[in-house]
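Engineer: Contents of data00.txt (compact mmCIF, C-alpha atoms) are given next:
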# COMPACT_ATOMS: atom_id res chain seq x y z
CA MET V 1 -2.30 -32.85 -8.48
CA ASN V 2 -3.78 -30.15 -6.25
CA ALA V 3 -5.36 -26.96 -7.55
CA VAL V 4 -2.31 -24.79 -6.85
CA HIS V 5 0.11 -27.13 -8.59
CA ARG V 6 -2.23 -27.56 -11.54
CA GLY V 7 -2.67 -23.79 -11.90
CA ALA V 8 1.05 -23.13 -11.55
CA THR V 9 1.81 -25.71 -14.21
CA GLU V 10 -0.69 -24.15 -16.61
CA LEU V 11 0.82 -20.69 -16.07
CA ARG V 12 4.45 -21.79 -15.92
CA ALA V 13 5.48 -19.62 -18.89
CA ALA V 14 3.71 -16.55 -17.52
CA LEU V 15 5.16 -17.02 -14.04
CA SER V 16 8.64 -17.59 -15.42
CA SER V 17 8.43 -14.38 -17.42
CA VAL V 18 7.81 -12.25 -14.33
CA ARG V 19 10.70 -13.70 -12.36
CA SER V 20 14.35 -12.81 -12.81
CA VAL V 21 15.30 -15.52 -10.32
CA PRO V 22 15.21 -18.97 -11.96
CA ILE V 23 12.36 -21.21 -10.76
CA ALA V 24 14.21 -24.06 -9.12
CA ASP V 25 11.53 -26.72 -8.82
CA ALA V 26 7.83 -27.45 -8.64
CA ASP V 27 7.59 -26.31 -5.03
CA ALA V 28 9.07 -22.92 -5.92
CA LEU V 29 6.64 -22.62 -8.83
CA ASP V 30 3.72 -23.37 -6.51
CA GLU V 31 4.88 -20.73 -4.01
CA ILE V 32 5.13 -18.07 -6.72
CA TYR V 33 1.70 -18.95 -8.05
CA ALA V 34 0.12 -18.99 -4.58
CA ARG V 35 1.52 -15.64 -3.47
CA ALA V 36 0.68 -13.93 -6.76
CA LEU V 37 -2.86 -15.35 -6.67
CA LEU V 38 -3.51 -14.43 -3.03
CA GLY V 39 -2.18 -10.94 -3.69
CA SER V 40 -4.81 -10.56 -6.41
CA VAL V 41 -7.79 -11.52 -4.22
CA ALA V 42 -6.95 -9.80 -0.93
CA GLU V 43 -6.58 -6.12 -0.16
CA PRO V 44 -3.09 -5.01 0.94
CA GLY V 45 -2.33 -5.62 4.59
CA ASP V 46 -5.01 -8.26 5.19
CA GLY V 47 -4.00 -9.41 8.67
CA PHE V 48 -6.05 -12.60 8.76
CA LEU V 49 -4.56 -13.78 5.49
CA GLY V 50 -1.11 -12.96 6.86
CA ARG V 51 -1.82 -15.08 9.93
CA ALA V 52 -3.06 -17.94 7.78
CA ILE V 53 0.08 -17.85 5.63
CA ASP V 54 2.29 -17.83 8.73
CA VAL V 55 0.60 -21.04 9.88
CA ILE V 56 -0.18 -23.08 6.76
CA GLY V 57 1.90 -21.28 4.14
CA ALA V 58 0.87 -19.46 0.99
CA VAL V 59 0.36 -22.71 -0.91
CA GLY V 60 -1.87 -24.08 1.83
CA ALA V 61 -3.97 -20.92 1.96
CA ALA V 62 -4.30 -20.75 -1.83
CA THR V 63 -5.24 -24.44 -2.01
CA LEU V 64 -8.10 -23.94 0.44
CA LEU V 65 -9.35 -20.97 -1.54
CA LEU V 66 -9.14 -22.72 -4.91
CA GLU V 67 -10.87 -25.82 -3.59
CA SER V 68 -13.75 -23.71 -2.23
CA ALA V 69 -13.07 -24.75 1.35
CA SER V 70 -15.71 -23.90 3.92
CA PRO V 71 -15.01 -21.67 6.94
CA VAL V 72 -14.97 -24.83 9.07
CA ASP V 73 -12.30 -26.34 6.80
CA LEU V 74 -10.18 -23.20 7.13
CA VAL V 75 -10.46 -23.15 10.92
CA GLU V 76 -9.54 -26.84 11.11
CA ALA V 77 -6.54 -26.36 8.82
CA LEU V 78 -5.21 -23.52 10.95
CA THR V 79 -5.89 -25.32 14.22
CA ASN V 80 -4.28 -28.57 13.08
CA ALA V 81 -1.17 -26.64 12.04
CA GLY V 82 -0.80 -25.07 15.48
CA GLY V 83 -2.56 -21.79 14.79
CA SER V 84 -5.90 -20.45 15.87
CA ALA V 85 -8.94 -18.81 14.29
CA ASP V 86 -12.59 -18.56 15.12
CA LEU V 87 -15.38 -19.34 12.72
CA ARG V 88 -16.40 -15.70 12.32
CA GLU V 89 -12.88 -14.73 11.17
CA ALA V 90 -12.85 -17.59 8.67
CA GLU V 91 -16.27 -16.68 7.30
CA SER V 92 -15.25 -13.05 6.92
CA GLY V 93 -11.95 -13.92 5.26
CA LEU V 94 -13.41 -16.30 2.71
CA GLY V 95 -16.26 -13.85 2.16
CA ARG V 96 -13.70 -11.21 1.19
CA TRP V 97 -11.49 -13.34 -1.00
CA SER V 98 -13.78 -15.78 -2.81
CA PRO V 99 -15.79 -13.21 -4.84
CA ARG V 100 -12.51 -11.90 -6.25
CA LEU V 101 -11.20 -15.27 -7.37
CA ASP V 102 -11.09 -14.93 -11.15
CA LEU V 103 -8.45 -17.16 -12.69
CA GLY V 104 -8.98 -15.67 -16.14
CA ALA V 105 -8.32 -12.15 -14.86
CA PHE V 106 -5.34 -13.45 -12.86
CA GLY V 107 -3.78 -14.92 -15.98
CA ARG V 108 -4.33 -11.69 -17.89
CA ALA V 109 -2.67 -9.72 -15.08
CA LEU V 110 0.41 -11.93 -15.35
CA GLU V 111 0.50 -11.45 -19.11
CA GLN V 112 0.20 -7.70 -18.68
CA ALA V 113 3.06 -7.74 -16.19
CA ALA V 114 5.22 -9.56 -18.72
CA ARG V 115 4.29 -7.03 -21.43
CA VAL V 116 5.41 -4.04 -19.36
CA GLY V 117 8.50 -5.78 -18.01
CA ALA V 118 7.30 -6.01 -14.39
CA ARG V 119 8.95 -8.54 -12.11
CA LEU V 120 7.60 -10.22 -8.98
CA ILE V 121 9.97 -10.50 -6.03
CA LEU V 122 9.19 -12.63 -2.97
CA PRO V 123 10.34 -12.49 0.66
CA ASN V 124 13.16 -15.01 0.20
CA ASP V 125 14.68 -13.19 -2.79
CA ALA V 126 17.94 -11.30 -2.42
CA ALA V 127 16.27 -8.15 -3.80
CA TRP V 128 13.53 -8.17 -1.13
CA PRO V 129 13.57 -5.06 1.13
CA ALA V 130 14.01 -6.66 4.54
CA GLY V 131 12.41 -3.74 6.37
CA VAL V 132 8.90 -4.61 5.17
CA ASP V 133 9.09 -7.90 7.09
CA GLU V 134 8.72 -5.85 10.27
CA LEU V 135 5.09 -5.32 9.27
CA GLY V 136 4.48 -8.88 10.44
CA ILE V 137 1.15 -10.33 9.35
CA HIS V 138 0.48 -7.10 7.45
CA ALA V 139 3.60 -7.47 5.28
CA PRO V 140 3.14 -7.72 1.50
CA LEU V 141 2.89 -11.18 -0.03
CA GLY V 142 5.11 -10.09 -2.90
CA LEU V 143 6.21 -6.91 -4.65
CA TRP V 144 5.79 -6.05 -8.33
CA ILE V 145 8.69 -3.98 -9.63
CA ARG V 146 9.46 -2.12 -12.82
CA GLY V 147 13.05 -1.06 -12.98
CA ARG V 148 16.05 -2.16 -10.96
CA GLU V 149 15.02 -4.94 -8.61
CA HIS V 150 17.87 -4.42 -6.18
CA ALA V 151 17.12 -0.73 -5.61
CA LEU V 152 15.92 -1.48 -2.06
CA ASP V 153 17.96 -4.56 -1.19
CA GLY V 154 19.83 -2.78 1.60
CA SER V 155 23.08 -2.30 -0.30
CA SER V 156 22.68 1.46 0.29
CA ALA V 157 20.90 3.38 3.03
CA SER V 158 17.47 4.75 2.23
CA ILE V 159 15.36 7.63 3.50
CA SER V 160 11.76 8.39 2.57
CA LEU V 161 10.93 12.02 1.82
CA VAL V 162 7.19 12.71 1.95
CA GLY V 163 4.85 15.65 2.16
CA ALA V 164 1.71 17.30 0.90
CA ARG V 165 0.58 17.44 -2.72
CA ALA V 166 -0.24 21.16 -2.40
CA ALA V 167 3.37 22.12 -1.74
CA THR V 168 4.54 25.72 -1.50
CA GLY V 169 7.64 27.15 -3.10
CA TYR V 170 9.33 26.89 0.30
CA GLY V 171 8.49 23.19 0.63
CA GLU V 172 9.64 22.35 -2.89
CA HIS V 173 12.91 24.24 -2.42
CA VAL V 174 13.72 22.45 0.83
CA THR V 175 12.82 19.12 -0.75
CA MET V 176 14.98 19.75 -3.81
CA GLU V 177 18.01 20.60 -1.66
CA ALA V 178 17.42 17.71 0.74
CA SER V 179 16.99 15.07 -1.94
CA ALA V 180 20.08 16.19 -3.84
CA GLY V 181 22.08 16.31 -0.62
CA LEU V 182 21.03 12.81 0.39
CA VAL V 183 21.92 11.45 -3.04
CA ASP V 184 25.36 13.04 -2.70
CA ARG V 185 25.74 11.14 0.57
CA GLY V 186 24.87 7.83 -1.09
CA PHE V 187 21.25 7.50 0.02
CA THR V 188 18.38 6.03 -1.96
CA VAL V 189 15.40 8.41 -1.90
CA VAL V 190 12.02 6.75 -1.39
CA SER V 191 8.64 8.41 -1.90
CA GLY V 192 5.14 7.89 -3.27
CA GLY V 193 5.26 9.36 -6.77
CA ALA V 194 2.51 11.92 -6.01
CA TYR V 195 2.36 15.59 -6.95
CA GLY V 196 4.03 18.16 -4.71
CA ILE V 197 6.73 17.08 -2.28
CA ASP V 198 6.92 13.47 -3.54
CA GLY V 199 7.44 14.51 -7.13
CA MET V 200 10.11 17.05 -6.24
CA ALA V 201 11.99 14.47 -4.16
CA HIS V 202 12.05 12.07 -7.12
CA ARG V 203 12.98 14.72 -9.69
CA SER V 204 15.83 16.10 -7.61
CA ALA V 205 17.24 12.64 -6.99
CA LEU V 206 17.16 11.88 -10.71
CA ALA V 207 18.75 15.21 -11.59
CA SER V 208 21.54 14.45 -9.14
CA GLY V 209 22.22 11.07 -10.71
CA GLY V 210 20.94 9.12 -7.72
CA THR V 211 18.61 6.20 -7.13
CA THR V 212 15.00 6.83 -6.23
CA VAL V 213 12.10 4.44 -5.62
CA ALA V 214 8.38 5.21 -5.97
CA PHE V 215 5.70 3.10 -4.28
CA LEU V 216 2.33 3.11 -6.06
CA ALA V 217 -1.19 2.42 -4.79
CA GLY V 218 -2.19 0.59 -7.98
CA GLY V 219 -0.62 -1.79 -10.48
CA VAL V 220 2.76 -0.87 -11.95
CA ASP V 221 1.35 -1.21 -15.47
CA ARG V 222 -0.62 2.04 -15.12
CA PHE V 223 1.41 4.88 -13.67
CA TYR V 224 -0.56 7.14 -11.33
CA PRO V 225 -0.97 10.06 -11.26
CA MET V 226 -1.13 10.30 -15.04
CA GLY V 227 0.63 13.66 -14.95
CA HIS V 228 3.69 11.85 -13.57
CA GLU V 229 3.83 9.13 -16.21
CA GLY V 230 7.01 10.60 -17.67
CA LEU V 231 8.60 11.01 -14.23
CA LEU V 232 7.74 7.46 -13.16
CA SER V 233 9.08 6.10 -16.45
CA ARG V 234 12.38 7.87 -15.75
CA ILE V 235 12.43 6.46 -12.22
CA ALA V 236 12.02 2.95 -13.64
CA GLU V 237 15.07 3.45 -15.85
CA THR V 238 17.55 3.90 -12.98
CA GLY V 239 15.59 3.09 -9.81
CA ALA V 240 12.33 1.25 -9.29
CA VAL V 241 8.57 1.70 -9.34
CA VAL V 242 7.02 -0.72 -6.85
CA SER V 243 3.57 -1.98 -5.84
CA GLU V 244 2.18 -4.94 -3.93
CA LEU V 245 -0.89 -4.91 -6.17
CA PRO V 246 -1.07 -6.88 -9.43
CA CYS V 247 -1.14 -5.26 -12.83
CA GLY V 248 -4.56 -3.91 -13.65
CA ALA V 249 -5.36 -2.92 -10.06
CA ALA V 250 -6.65 0.64 -9.74
CA PRO V 251 -5.51 2.99 -6.98
CA THR V 252 -8.08 3.67 -4.25
CA LYS V 253 -8.09 5.73 -1.09
CA TRP V 254 -7.62 2.61 1.05
CA ARG V 255 -4.73 1.43 -1.10
CA PHE V 256 -3.00 4.79 -0.71
CA LEU V 257 -3.17 4.35 3.05
CA GLN V 258 -1.72 0.85 2.80
CA ARG V 259 0.92 2.01 0.32
CA ASN V 260 2.16 4.45 2.96
CA ARG V 261 3.10 1.62 5.32
CA LEU V 262 5.47 0.27 2.65
CA ILE V 263 7.14 3.65 2.17
CA ALA V 264 7.82 3.80 5.91
CA ALA V 265 8.86 0.17 6.28
CA ALA V 266 11.15 0.00 3.26
CA SER V 267 13.14 3.04 4.43
CA GLU V 268 15.51 3.41 7.34
CA ALA V 269 14.03 6.79 8.28
CA THR V 270 11.14 9.02 7.21
CA VAL V 271 11.19 12.80 6.86
CA VAL V 272 8.08 14.94 6.41
CA LEU V 273 9.15 18.12 4.64
CA GLU V 274 5.88 20.05 4.41
CA ALA V 275 2.41 18.98 5.44
CA GLY V 276 -0.89 20.50 6.45
CA TYR V 277 -2.53 19.57 9.73
CA ARG V 278 -4.46 16.74 8.07
CA SER V 279 -2.02 15.87 5.30
CA GLY V 280 -1.95 12.26 4.15
CA SER V 281 1.83 12.26 4.72
CA LEU V 282 1.11 12.12 8.46
CA ASN V 283 -0.22 8.64 7.81
CA THR V 284 3.24 7.62 6.58
CA ALA V 285 4.75 9.27 9.65
CA GLY V 286 2.40 7.25 11.86
CA HIS V 287 3.59 4.01 10.27
CA ALA V 288 7.24 5.02 10.70
CA ALA V 289 6.64 5.79 14.38
CA ALA V 290 4.82 2.50 14.92
CA LEU V 291 7.77 0.63 13.39
CA GLY V 292 10.26 2.49 15.56
CA ARG V 293 11.88 4.14 12.56
CA PRO V 294 13.59 7.53 13.01
CA LEU V 295 11.12 10.27 12.13
CA GLY V 296 12.13 13.78 11.08
CA ALA V 297 10.10 16.88 10.32
CA VAL V 298 11.13 20.14 8.66
CA PRO V 299 9.78 23.25 10.39
CA GLY V 300 8.18 26.07 8.45
CA PRO V 301 6.73 29.50 9.18
CA VAL V 302 4.37 29.32 12.17
CA THR V 303 1.88 31.32 10.11
CA SER V 304 1.86 28.78 7.26
CA PRO V 305 -0.96 26.18 7.26
CA ALA V 306 1.20 24.17 4.87
CA SER V 307 3.63 23.44 7.72
CA ALA V 308 1.07 22.83 10.47
CA GLY V 309 1.41 19.06 10.10
CA CYS V 310 5.19 19.19 10.54
CA HIS V 311 4.79 21.32 13.65
CA ARG V 312 2.25 18.83 14.95
CA LEU V 313 4.74 15.98 14.51
CA LEU V 314 7.40 17.97 16.36
CA ARG V 315 5.08 18.89 19.24
CA GLU V 316 2.95 15.78 19.69
CA TYR V 317 4.92 12.86 18.28
CA ASP V 318 8.55 13.55 19.14
CA ALA V 319 9.72 13.88 15.57
CA ILE V 320 13.26 15.21 15.25
CA CYS V 321 13.66 18.71 13.86
CA VAL V 322 15.74 18.55 10.67
CA THR V 323 16.54 21.38 8.29
CA ASP V 324 18.97 19.98 5.70
CA ALA V 325 20.34 16.79 4.19
CA GLU V 326 23.12 16.50 6.75
CA GLN V 327 20.66 16.44 9.64
CA MET V 328 18.40 14.01 7.78
CA ALA V 329 21.34 11.67 7.22
CA GLU V 330 22.04 11.77 10.96
CA LEU V 331 18.67 10.10 11.55
CA VAL V 332 20.05 6.93 9.98
CA GLY V 333 23.58 7.31 11.29
CA GLY V 334 22.75 6.53 14.91
CA GLY V 335 20.39 9.44 15.51
CA PRO V 336 17.65 9.20 18.16
CA ARG V 337 14.60 7.17 17.27
CA SER V 338 11.07 8.47 17.55
CA ALA V 339 9.31 7.78 20.83
CA ALA V 340 5.89 8.24 19.29
CA SER V 341 4.99 4.58 19.59
CA GLU V 342 5.58 4.79 23.34
CA ARG V 343 3.50 7.92 23.84
CA ARG V 344 0.58 7.10 21.56
CA SER V 345 -1.04 4.14 19.93
CA PRO V 346 0.45 3.34 16.49
CA GLY V 347 -2.68 4.37 14.63
CA SER V 348 -3.25 7.72 16.32
CA VAL V 349 -1.40 9.81 13.76
CA SER V 350 -2.72 8.03 10.70
CA GLU V 351 -6.32 7.88 11.92
CA SER V 352 -6.49 11.62 12.40
CA ALA V 353 -4.65 12.41 9.19
CA ASP V 354 -6.29 13.07 5.86
CA ARG V 355 -7.07 9.74 4.24
CA GLY V 356 -4.53 9.32 1.47
CA ASP V 357 -3.17 11.40 -1.38
CA ARG V 358 -6.38 12.50 -3.06
CA GLY V 359 -8.98 14.99 -1.89
CA ASP V 360 -12.56 14.20 -0.77
CA ARG V 361 -13.46 15.44 2.66
CA GLY V 362 -16.69 14.76 4.48
CA ALA V 363 -17.08 11.09 5.35
CA ARG V 364 -13.44 10.45 4.46
CA GLY V 365 -12.13 12.98 6.92
CA ALA V 366 -10.41 12.44 10.23
CA ALA V 367 -13.22 10.37 11.78
CA ALA V 368 -13.62 7.93 8.88
CA SER V 369 -12.94 4.29 9.69
CA PRO V 370 -10.91 2.11 7.31
CA GLU V 371 -14.11 0.26 6.37
CA THR V 372 -15.85 3.54 5.53
CA VAL V 373 -12.97 4.58 3.29
CA ARG V 374 -13.08 1.27 1.44
CA VAL V 375 -16.84 1.33 0.89
CA LEU V 376 -16.79 4.92 -0.37
CA ASP V 377 -13.97 4.00 -2.75
CA ALA V 378 -16.19 1.30 -4.23
CA LEU V 379 -19.18 3.59 -4.85
CA SER V 380 -19.95 5.88 -7.77
CA THR V 381 -21.88 9.14 -7.79
CA ARG V 382 -23.47 8.27 -11.17
CA SER V 383 -23.72 4.50 -11.60
CA PRO V 384 -25.67 2.60 -8.90
CA ARG V 385 -23.94 -0.54 -7.70
CA GLU V 386 -25.43 -3.64 -6.11
CA LEU V 387 -24.33 -4.83 -2.69
CA SER V 388 -22.42 -7.83 -4.05
CA ASP V 389 -20.53 -5.62 -6.52
CA ILE V 390 -19.60 -3.13 -3.80
CA ALA V 391 -18.38 -5.97 -1.56
CA ARG V 392 -16.21 -7.40 -4.33
CA ARG V 393 -14.73 -4.02 -5.17
CA CYS V 394 -13.77 -3.11 -1.61
CA GLY V 395 -12.75 -6.59 -0.47
CA MET V 396 -15.29 -6.85 2.37
CA THR V 397 -18.17 -9.20 3.11
CA PRO V 398 -21.67 -8.11 2.02
CA SER V 399 -22.86 -8.01 5.64
CA ALA V 400 -19.97 -5.76 6.66
CA VAL V 401 -20.62 -3.48 3.67
CA MET V 402 -24.32 -3.26 4.54
CA GLY V 403 -23.43 -2.17 8.06
CA VAL V 404 -21.25 0.65 6.73
CA LEU V 405 -23.82 1.70 4.14
CA GLY V 406 -26.47 2.02 6.81
CA GLY V 407 -24.34 4.46 8.78
CA LEU V 408 -23.40 6.46 5.69
CA GLU V 409 -27.03 6.66 4.60
CA ALA V 410 -28.00 8.03 7.99
CA VAL V 411 -25.63 10.98 7.60
CA GLY V 412 -26.45 11.59 3.94
CA HIS V 413 -23.24 10.37 2.33
CA VAL V 414 -24.88 7.57 0.30
CA LYS V 415 -28.39 6.93 -0.95
CA ARG V 416 -30.42 3.98 -2.12
CA HIS V 417 -31.36 3.57 -5.76
CA PRO V 418 -33.70 1.06 -7.42
CA PHE V 419 -30.62 -0.60 -8.92
CA GLY V 420 -28.26 -0.36 -5.95
CA TRP V 421 -26.39 2.30 -4.02
CA LEU V 422 -24.96 5.70 -4.97
CA ARG V 423 -22.45 7.95 -3.28
CA VAL V 424 -23.78 11.45 -2.75
CA ALA V 425 -21.62 14.03 -4.51
CA ARG V 426 -20.30 16.63 -2.08
CA SER V 427 -20.06 20.24 -3.19
Show this structure as structure tokens.
Structural biologist:
Amino acid sequence: MNAVHRGATELRAALSSVRSVPIADADALDEIYARALLGSVAEPGDGFLGRAIDVIGAVGAATLLLESASPVDLVEALTNAGGSADLREAESGLGRWSPRLDLGAFGRALEQAARVGARLILPNDAAWPAGVDELGIHAPLGLWIRGREHALDGSSASISLVGARAATGYGEHVTMEASAGLVDRGFTVVSGGAYGIDGMAHRSALASGGTTVAFLAGGVDRFYPMGHEGLLSRIAETGAVVSELPCGAAPTKWRFLQRNRLIAAASEATVVLEAGYRSGSLNTAGHAAALGRPLGAVPGPVTSPASAGCHRLLREYDAICVTDAEQMAELVGGGPRSAASERRSPGSVSESADRGDRGDRGARGAAASPETVRVLDALSTRSPRELSDIARRCGMTPSAVMGVLGGLEAVGHVKRHPFGWLRVARS
């Protein structure tokens, strides 16, 4: 009995409780266990893990991890199955995943999911949103859902409405009218559950008796932001609150960025209603453009900084100008698709956008690399953390973390401490 099958057998009751689809046989049980486990040790969108799963399957990848396979073993397994990987990739991958392998914590996460009524859906399930498969090797391994599992199964068209947290009265009014109008036309409204435009899109959809879905950057057992706990609870009653992260996972800046790709992929079109020049919602727009999804932007006063991001999308990324629900619906009903992916590289919008939904400029601004964002997320301004702890928290290898820390120390964003590393608080 291999490690995956043994673990799945031990957790059969817990795994059964987080599935609404009956577990048909031992192979199905192993697949559920493997995907849930891998989703708990890897950061969202881990491309190397996605490649490994494409070649040797989730059970094969999880077996290698549980049996403490060496990088050479991983390379051989991929090569023998018709794939390819070099030793450096394998070392880096195992270096990211192995420190996070905690079977006790994994079991507790499953129990917590059962307590809050969360369900795990997998790519072969009828409730799976097919659009996320277009993310390829960066697609989620599974999705944890509280609420109605079939909210994004494609039975009704869906549009994501996104925008800045610091919304103006103008932005909130346009969002309220647009969300209600789309619900009246039978659309599911998708957003990120944040303050500002996201929250208004959800509230208006609920008030209109429609279905709305919120994607979170942390586990579905702890609604974030806390000020929207009531709103997200209402969403779960008629729609769905979704995350690819297991219960107990905390939201981080990097996970907000990765969450945005799901908002774009799970919807048939994305509309940015109000956004500053560096708003995090431009990251979602960048993902939509890269996927070839229709992209709309609502114009605002040319004197308003709160609409500068929308105007940027219209000018630089060929977003379609939309002003009401009817025009937004046209994006899905055969409207022109964005040509942004032809004019610019897929990451150009998101890389220059503000990193995520929470503030914190400086090193996390437009020039910050994904690795920098992840390392800063793992640091504290008050409690020094050792290199191994930082690596485990951000899902990177210690050598990669040390390389980032060196650069951040040089520009004064982190500092050494006798007991580890500290992030420098920015005024």
Engineer: If I take atom CA of Cys247 of chain V and atom CA of Tyr224 of chain V, how far is one from the other in Å, to one decimal?
Structural biologist: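 Distance between the two atoms: 12.5 Å.
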Engineer: What lies within 9 Å of Pro44 of chain V using all atoms listed in the file, ignoring chain neighbours under 2 positions off, as a list of chain:residue names?
Structural biologist: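 Everything that qualifies: V:Gly39, V:Ala42, V:Asp46, V:Gly47, V:His138, V:Ala139, V:Pro140, V:Leu141, V:Glu244, V:Leu245, V:Trp254, V:Arg255, V:Gln258, V:Arg259.
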Engineer: So how far away is atom CA of Ala275 of chain V from atom CA of Thr303 of chain V, in Å?
Structural biologist: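 Computing it gives 13.2 Å between the two atoms.
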Engineer: Please list as a ChimeraX atom specification every residue within 7 Å of segment 261-271 of chain V, counting only C-alpha atoms and excluding residues in the same chain fewer than 3 positions away.
Structural biologist: /V:129,131-132,157-162,190-191,215,258,284-285,287-288,293-297,331-332
Engineer: So, counting all atoms listed in the file, which residue among V:Arg88, V:Arg96, V:His417, V:Arg115 is closest to Pro398 of chain V?
Structural biologist: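 With all atoms listed in the file as the atom set, the closest residue is V:Arg96.
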Engineer: With distances taken over all atoms listed in the file, which residue among V:Leu216, V:Leu11, V:Leu182, V:Leu232 lies nearest Arg203 of chain V?
Structural biologist: V:Leu232
Engineer: Please identify all polymer residues within 8 Å of His150 of chain V, counting all atoms listed in the file, omitting same-chain residues fewer than 3 positions from it, and present them as a list in words.
Structural biologist: Ala126, Ala127, Trp128 and Asp153 of chain V
Engineer: Between atom CA of Ile121 of chain V and atom CA of Val272 of chain V, what distance in Å does the model show, to one decimal?
Structural biologist: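 Interatomic distance here is 28.4 Å.
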Engineer: Got a sec: who's within 9 Å of Ala240 of chain V, counting all atoms listed in the file, leaving out chain neighbours fewer than 2 positions off, as number ranges by chain?
Structural biologist: V: 145-152, 211-215, 232, 235-238, 242
Engineer: Would you mind exporting the chosen residues as a PDB file, keeping the file's coordinate frame, restricted to C-alpha atoms?
Structural biologist:
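As a result, again30.pdb now contains:
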ATOM      1  CA  ILE V 145       8.690  -3.980  -9.630  1.00  0.00           C
ATOM      2  CA  ARG V 146       9.460  -2.120 -12.820  1.00  0.00           C
ATOM      3  CA  GLY V 147      13.050  -1.060 -12.980  1.00  0.00           C
ATOM      4  CA  ARG V 148      16.050  -2.160 -10.960  1.00  0.00           C
ATOM      5  CA  GLU V 149      15.020  -4.940  -8.610  1.00  0.00           C
ATOM      6  CA  HIS V 150      17.870  -4.420  -6.180  1.00  0.00           C
ATOM      7  CA  ALA V 151      17.120  -0.730  -5.610  1.00  0.00           C
ATOM      8  CA  LEU V 152      15.920  -1.480  -2.060  1.00  0.00           C
ATOM      9  CA  THR V 211      18.610   6.200  -7.130  1.00  0.00           C
ATOM     10  CA  THR V 212      15.000   6.830  -6.230  1.00  0.00           C
ATOM     11  CA  VAL V 213      12.100   4.440  -5.620  1.00  0.00           C
ATOM     12  CA  ALA V 214       8.380   5.210  -5.970  1.00  0.00           C
ATOM     13  CA  PHE V 215       5.700   3.100  -4.280  1.00  0.00           C
ATOM     14  CA  LEU V 232       7.740   7.460 -13.160  1.00  0.00           C
ATOM     15  CA  ILE V 235      12.430   6.460 -12.220  1.00  0.00           C
ATOM     16  CA  ALA V 236      12.020   2.950 -13.640  1.00  0.00           C
ATOM     17  CA  GLU V 237      15.070   3.450 -15.850  1.00  0.00           C
ATOM     18  CA  THR V 238      17.550   3.900 -12.980  1.00  0.00           C
ATOM     19  CA  VAL V 242       7.020  -0.720  -6.850  1.00  0.00           C
TER      20      VAL V 242
END
Engineer: Mind checking which residues fall within 10 Å of His173 of chain V, counting only C-alpha atoms, ignoring those fewer than 4 positions away in the same chain, and posting them as a list in words?
Structural biologist: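 Residues meeting the cut-off are Ala167, Thr168, Gly169, Glu177, Ala178, Ile197, Met200 and Ala201 of chain V.
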Engineer: Of the candidates V:Arg165, V:Arg6, V:His311, V:Arg185, which shows the shortest atom-to-atom distance to Gln327 of chain V, using all atoms listed in the file?
Structural biologist: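 Of V:Arg165, V:Arg6, V:His311, V:Arg185, the one nearest Gln327 of chain V is V:Arg185, counting all atoms listed in the file.
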Engineer: Between V:Asp318, V:Ala325, V:Asp125, V:Ser40, which is the closest to Gly218 of chain V once you count all atoms listed in the file?
Structural biologist: V:Ser40
